[in-house]
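Q: Contents of final34.pdb (PDB, C-alpha atoms):
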MODEL        1
ATOM      1  CA  MET A   1       3.161 -24.315  -2.236
ATOM      2  CA  THR A   2       2.443 -25.274   1.292
ATOM      3  CA  GLU A   3       1.968 -22.979   4.213
ATOM      4  CA  SER A   4       4.069 -23.549   7.278
ATOM      5  CA  ALA A   5       2.244 -23.354  10.586
ATOM      6  CA  SER A   6       4.007 -20.136  11.512
ATOM      7  CA  GLY A   7       4.577 -18.272   8.259
ATOM      8  CA  TYR A   8       2.865 -16.782   5.258
ATOM      9  CA  ARG A   9       3.061 -18.474   1.883
ATOM     10  CA  THR A  10       5.647 -17.122  -0.533
ATOM     11  CA  PRO A  11       3.060 -15.329  -2.771
ATOM     12  CA  ALA A  12       1.666 -13.497   0.272
ATOM     13  CA  ARG A  13       5.177 -12.446   1.262
ATOM     14  CA  LEU A  14       5.899 -11.219  -2.263
ATOM     15  CA  PHE A  15       2.618  -9.274  -2.422
ATOM     16  CA  HIS A  16       3.431  -7.713   0.949
ATOM     17  CA  TRP A  17       6.938  -6.565   0.040
ATOM     18  CA  ILE A  18       6.133  -5.439  -3.516
ATOM     19  CA  VAL A  19       3.279  -3.248  -2.256
ATOM     20  CA  ALA A  20       5.331  -2.086   0.740
ATOM     21  CA  LEU A  21       8.240  -1.022  -1.458
ATOM     22  CA  ALA A  22       5.969   0.792  -3.910
ATOM     23  CA  VAL A  23       4.064   2.592  -1.137
ATOM     24  CA  LEU A  24       7.241   3.538   0.707
ATOM     25  CA  LEU A  25       8.576   5.079  -2.523
ATOM     26  CA  MET A  26       5.299   6.777  -3.404
ATOM     27  CA  ILE A  27       4.821   8.514  -0.044
ATOM     28  CA  PRO A  28       7.914  10.738  -0.323
ATOM     29  CA  ALA A  29       7.291  11.226  -4.048
ATOM     30  CA  GLY A  30       3.751  12.387  -3.292
ATOM     31  CA  LEU A  31       4.884  14.722  -0.524
ATOM     32  CA  ILE A  32       7.744  16.230  -2.541
ATOM     33  CA  MET A  33       6.027  16.581  -5.940
ATOM     34  CA  THR A  34       3.487  19.106  -4.655
ATOM     35  CA  ARG A  35       5.984  21.471  -3.053
ATOM     36  CA  GLU A  36       6.135  25.024  -4.347
ATOM     37  CA  GLY A  37       9.344  26.067  -6.075
ATOM     38  CA  LEU A  38      10.400  22.532  -6.964
ATOM     39  CA  ASP A  39      12.421  22.158 -10.165
ATOM     40  CA  ARG A  40       9.871  21.481 -12.948
ATOM     41  CA  GLY A  41      11.825  18.521 -14.360
ATOM     42  CA  LEU A  42      11.984  16.822 -10.969
ATOM     43  CA  GLN A  43       8.336  17.639 -10.294
ATOM     44  CA  ASP A  44       7.225  16.156 -13.629
ATOM     45  CA  THR A  45       9.291  13.012 -13.010
ATOM     46  CA  LEU A  46       7.793  12.549  -9.552
ATOM     47  CA  PHE A  47       4.232  13.096 -10.835
ATOM     48  CA  ILE A  48       4.737  10.581 -13.658
ATOM     49  CA  PHE A  49       6.222   8.035 -11.243
ATOM     50  CA  HIS A  50       3.483   8.572  -8.650
ATOM     51  CA  LYS A  51       0.538   8.413 -11.080
ATOM     52  CA  ASN A  52       1.766   5.426 -13.046
ATOM     53  CA  THR A  53       2.927   3.412 -10.036
ATOM     54  CA  GLY A  54      -0.412   4.057  -8.341
ATOM     55  CA  THR A  55      -2.204   2.862 -11.465
ATOM     56  CA  LEU A  56      -0.082  -0.291 -11.576
ATOM     57  CA  LEU A  57      -0.783  -0.944  -7.900
ATOM     58  CA  ILE A  58      -4.562  -1.134  -8.391
ATOM     59  CA  PRO A  59      -4.570  -4.637  -9.927
ATOM     60  CA  VAL A  60      -1.723  -5.781  -7.655
ATOM     61  CA  ILE A  61      -3.630  -4.731  -4.535
ATOM     62  CA  LEU A  62      -6.848  -6.317  -5.781
ATOM     63  CA  ALA A  63      -4.953  -9.552  -6.528
ATOM     64  CA  ARG A  64      -3.424  -9.370  -3.053
ATOM     65  CA  ILE A  65      -6.870  -9.051  -1.463
ATOM     66  CA  VAL A  66      -8.226 -11.981  -3.481
ATOM     67  CA  TYR A  67      -5.170 -14.070  -2.560
ATOM     68  CA  ARG A  68      -5.627 -13.234   1.137
ATOM     69  CA  ARG A  69      -9.296 -14.236   0.983
ATOM     70  CA  LEU A  70      -8.337 -17.574  -0.608
ATOM     71  CA  HIS A  71      -5.325 -18.114   1.682
ATOM     72  CA  PRO A  72      -5.992 -16.589   5.121
ATOM     73  CA  PRO A  73      -2.922 -15.662   7.149
ATOM     74  CA  PRO A  74      -1.624 -18.106   9.720
ATOM     75  CA  PRO A  75      -2.708 -17.435  13.295
ATOM     76  CA  LEU A  76      -0.532 -15.276  15.482
ATOM     77  CA  PRO A  77       1.556 -17.093  18.096
ATOM     78  CA  ASP A  78      -0.208 -17.806  21.386
ATOM     79  CA  SER A  79       2.214 -15.420  23.106
ATOM     80  CA  VAL A  80       0.577 -12.406  21.400
ATOM     81  CA  PRO A  81      -1.923 -10.812  23.823
ATOM     82  CA  GLY A  82      -5.572 -10.458  22.817
ATOM     83  CA  TRP A  83      -5.439  -6.650  22.606
ATOM     84  CA  GLN A  84      -2.509  -6.889  20.170
ATOM     85  CA  ARG A  85      -4.421  -9.419  18.054
ATOM     86  CA  ARG A  86      -7.367  -7.016  17.866
ATOM     87  CA  ALA A  87      -5.079  -4.065  17.109
ATOM     88  CA  ALA A  88      -3.356  -6.076  14.371
ATOM     89  CA  ALA A  89      -6.710  -7.026  12.832
ATOM     90  CA  VAL A  90      -7.935  -3.405  12.855
ATOM     91  CA  SER A  91      -4.649  -2.039  11.476
ATOM     92  CA  HIS A  92      -4.508  -4.649   8.703
ATOM     93  CA  LEU A  93      -8.110  -3.965   7.693
ATOM     94  CA  THR A  94      -7.402  -0.223   7.733
ATOM     95  CA  LEU A  95      -4.286  -0.733   5.597
ATOM     96  CA  TYR A  96      -6.217  -2.773   3.029
ATOM     97  CA  VAL A  97      -8.999  -0.176   2.838
ATOM     98  CA  LEU A  98      -6.457   2.616   2.418
ATOM     99  CA  LEU A  99      -4.516   0.609  -0.192
ATOM    100  CA  VAL A 100      -7.715   0.571  -2.248
ATOM    101  CA  VAL A 101      -8.822   4.146  -1.520
ATOM    102  CA  MET A 102      -5.433   5.738  -2.256
ATOM    103  CA  PRO A 103      -4.878   4.621  -5.866
ATOM    104  CA  LEU A 104      -8.562   4.879  -6.787
ATOM    105  CA  SER A 105      -8.909   8.412  -5.394
ATOM    106  CA  GLY A 106      -5.644   9.364  -7.090
ATOM    107  CA  PHE A 107      -6.883   7.933 -10.372
ATOM    108  CA  VAL A 108     -10.176   9.849 -10.113
ATOM    109  CA  ARG A 109      -8.342  13.059  -9.160
ATOM    110  CA  VAL A 110      -6.022  12.812 -12.145
ATOM    111  CA  ARG A 111      -8.593  11.767 -14.757
ATOM    112  CA  ALA A 112     -11.382  14.087 -13.568
ATOM    113  CA  GLY A 113      -8.777  16.862 -13.432
ATOM    114  CA  GLY A 114      -8.041  16.287 -17.128
ATOM    115  CA  PHE A 115      -4.473  15.092 -16.581
ATOM    116  CA  PRO A 116      -2.742  12.187 -18.315
ATOM    117  CA  ILE A 117      -1.783   8.825 -16.905
ATOM    118  CA  GLU A 118       1.014   8.124 -19.311
ATOM    119  CA  LEU A 119       0.973   4.326 -19.015
ATOM    120  CA  LEU A 120      -2.756   4.046 -19.684
ATOM    121  CA  ASP A 121      -2.639   6.681 -22.393
ATOM    122  CA  ALA A 122       0.179   4.811 -24.178
ATOM    123  CA  MET A 123      -1.984   1.672 -24.089
ATOM    124  CA  GLY A 124      -4.950   3.605 -25.538
ATOM    125  CA  ALA A 125      -7.059   2.836 -22.451
ATOM    126  CA  GLY A 126      -9.163   5.985 -22.716
ATOM    127  CA  ARG A 127      -9.993   8.578 -20.099
ATOM    128  CA  TRP A 128     -12.797   6.584 -18.342
ATOM    129  CA  LEU A 129     -14.001   9.742 -16.574
ATOM    130  CA  PRO A 130     -15.217  13.094 -17.879
ATOM    131  CA  LYS A 131     -13.391  16.193 -16.772
ATOM    132  CA  SER A 132     -14.984  17.555 -13.583
ATOM    133  CA  GLU A 133     -13.259  20.012 -11.292
ATOM    134  CA  ALA A 134     -15.753  19.212  -8.503
ATOM    135  CA  LEU A 135     -15.067  15.470  -8.717
ATOM    136  CA  ALA A 136     -11.321  16.073  -9.041
ATOM    137  CA  GLY A 137     -11.365  18.316  -5.973
ATOM    138  CA  ALA A 138     -13.333  15.807  -3.892
ATOM    139  CA  ALA A 139     -11.001  12.989  -4.941
ATOM    140  CA  GLN A 140      -7.975  15.154  -4.157
ATOM    141  CA  GLY A 141      -9.307  15.875  -0.674
ATOM    142  CA  LEU A 142     -10.004  12.187  -0.048
ATOM    143  CA  HIS A 143      -6.544  11.256  -1.390
ATOM    144  CA  PHE A 144      -4.886  13.771   0.943
ATOM    145  CA  LEU A 145      -6.798  12.663   4.056
ATOM    146  CA  ALA A 146      -6.276   8.986   3.233
ATOM    147  CA  ALA A 147      -2.555   9.676   2.740
ATOM    148  CA  LEU A 148      -2.284  11.181   6.228
ATOM    149  CA  LEU A 149      -4.114   8.217   7.729
ATOM    150  CA  LEU A 150      -1.990   5.777   5.706
ATOM    151  CA  ILE A 151       1.221   7.368   6.975
ATOM    152  CA  ALA A 152      -0.044   7.132  10.564
ATOM    153  CA  VAL A 153      -1.192   3.513  10.264
ATOM    154  CA  LEU A 154       2.046   2.545   8.511
ATOM    155  CA  ALA A 155       4.037   4.119  11.338
ATOM    156  CA  VAL A 156       2.134   1.961  13.830
ATOM    157  CA  HIS A 157       2.475  -1.130  11.600
ATOM    158  CA  VAL A 158       6.234  -0.705  11.157
ATOM    159  CA  SER A 159       6.690   0.064  14.857
ATOM    160  CA  ALA A 160       4.799  -3.088  15.820
ATOM    161  CA  ALA A 161       6.818  -5.147  13.335
ATOM    162  CA  LEU A 162      10.081  -3.791  14.741
ATOM    163  CA  GLN A 163       8.887  -4.434  18.280
ATOM    164  CA  HIS A 164       8.206  -8.073  17.377
ATOM    165  CA  ALA A 165      11.494  -8.415  15.474
ATOM    166  CA  LEU A 166      13.873  -6.657  17.856
ATOM    167  CA  LEU A 167      12.329  -6.750  21.328
ATOM    168  CA  ARG A 168       9.911  -9.657  21.636
ATOM    169  CA  ARG A 169      11.601 -11.931  19.071
ATOM    170  CA  ASP A 170       8.422 -14.001  19.065
ATOM    171  CA  GLY A 171       8.432 -15.123  15.418
ATOM    172  CA  VAL A 172       5.858 -12.610  14.172
ATOM    173  CA  TRP A 173       8.448 -10.801  11.986
ATOM    174  CA  GLN A 174       9.731 -14.061  10.519
ATOM    175  CA  ARG A 175       6.197 -14.955   9.361
ATOM    176  CA  ILE A 176       6.368 -12.328   6.611
ATOM    177  CA  TRP A 177      10.138 -11.940   6.070
ATOM    178  CA  PRO A 178      12.108 -12.812   4.001
ATOM    179  CA  PRO A 179       9.883 -12.731   0.933
ATOM    180  CA  LEU A 180      11.243 -15.952  -0.535
ATOM    181  CA  GLY A 181      11.753 -17.838   2.701
ATOM    182  CA  GLY A 182       9.440 -20.284   4.344
ATOM    183  CA  GLY A 183       6.624 -22.256   2.791
TER     184      GLY A 183
ENDMDL
END
As structure tokens, how would this structure be written, given the file I've shared?
A:
Amino acid sequence: MTESASGYRTPARLFHWIVALAVLLMIPAGLIMTREGLDRGLQDTLFIFHKNTGTLLIPVILARIVYRRLHPPPPLPDSVPGWQRRAAAVSHLTLYVLLVVMPLSGFVRVRAGGFPIELLDAMGAGRWLPKSEALAGAAQGLHFLAALLLIAVLAVHVSAALQHALLRRDGVWQRIWPPLGGG
């Protein structure tokens, strides 16, 4: 596959939208599943979805990072001001860090808390971590704080994307969308 001068390669677009869809589904699931008084069946379903999707995202996110290192993104158009370039670089780095921290801290919280991850358990993958309430609590705190930061950074990211798509119409949005378009 070749990369057009203005757009991401198709694999990068697919990685972006697969992870985006999963994260945008997991955020409300994570916020709802911990509410008091929630129907137990719904709560269990949301926990199973959240834990297993997070576990599946770990290798996808790592593959995405490796792909990005091997295939750097195309440069932003010259019309994008320097401060926006710097903000984009910081927000993308922050998103990648959080996309690693979130599933790993969730995994540690669940396993150190003695809870199952149904997908891994069905594959006989083993626990990988001993039960430790202290470790589970620390991971839970990190997961919660990282979730708040992720929501905030995603709000900025989506707002910037919409600004480029709807107001500036400068081609930045088209670089990543649609997933199967472009080079």
Q: Between A:Arg86, A:Lys131, A:Arg169, A:Arg9, which residue has the minimum interatomic distance to A:Val108, considering only C-alpha atoms?
A: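 Closest residue, counting only C-alpha atoms: A:Lys131.
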Q: Determine the residue set returned by the PyMOL selection byres ((chain A and resi 160) around 12) for the present structure, and present it as a VMD selection string.
A: chain A and resid 80 84 to 85 87 to 88 91 to 92 153 to 159 161 to 170 172 to 173
Q: For each of A:Ile27, A:Ile65, A:Leu119, A:Leu104, take the minimum atom-to-atom distance to A:Ala12, counting all atoms listed in the file, then give the residue where this is smallest.
A: A:Ile65
Q: For stretch 21-24 of chain A, what centre and edge lengths in Å (one decimal) does the axis-aligned box get once 4 Å is added on each side of all its listed atoms, as lines of an AutoDock Vina configuration file?
A:
center_x = 6.2
center_y = 1.3
center_z = -1.6
size_x = 12.2
size_y = 12.6
size_z = 12.6
Q: Near A:Arg35, within 12 Å and counting only C-alpha atoms, which residues show up once chain neighbours fewer than 5 positions away are dropped, as a list in words?
A: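 Here the qualifying residues turn out to be Pro28, Ala29, Gly30, Arg40, Leu42, Gln43, Asp44, Leu46 and Phe47 of chain A.
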Q: Write out as a ChimeraX atom specification each polymer residue whose atoms come within 10 Å of A:Val101, counting only C-alpha atoms; drop sequence neighbours fewer than 6 positions from it.
A: /A:58,95,107,139,142-143,146-147
Q: Store the residues picked out above in a file with C-alpha atoms, as an mmCIF file, in the coordinates of the input.
A:
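Saved to part_17.cif:
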data_model
loop_
_atom_site.group_PDB
_atom_site.id
_atom_site.type_symbol
_atom_site.label_atom_id
_atom_site.label_comp_id
_atom_site.auth_asym_id
_atom_site.auth_seq_id
_atom_site.Cartn_x
_atom_site.Cartn_y
_atom_site.Cartn_z
ATOM 1 C CA ILE A 58 -4.562 -1.134 -8.391
ATOM 2 C CA LEU A 95 -4.286 -0.733 5.597
ATOM 3 C CA PHE A 107 -6.883 7.933 -10.372
ATOM 4 C CA ALA A 139 -11.001 12.989 -4.941
ATOM 5 C CA LEU A 142 -10.004 12.187 -0.048
ATOM 6 C CA HIS A 143 -6.544 11.256 -1.390
ATOM 7 C CA ALA A 146 -6.276 8.986 3.233
ATOM 8 C CA ALA A 147 -2.555 9.676 2.740
#
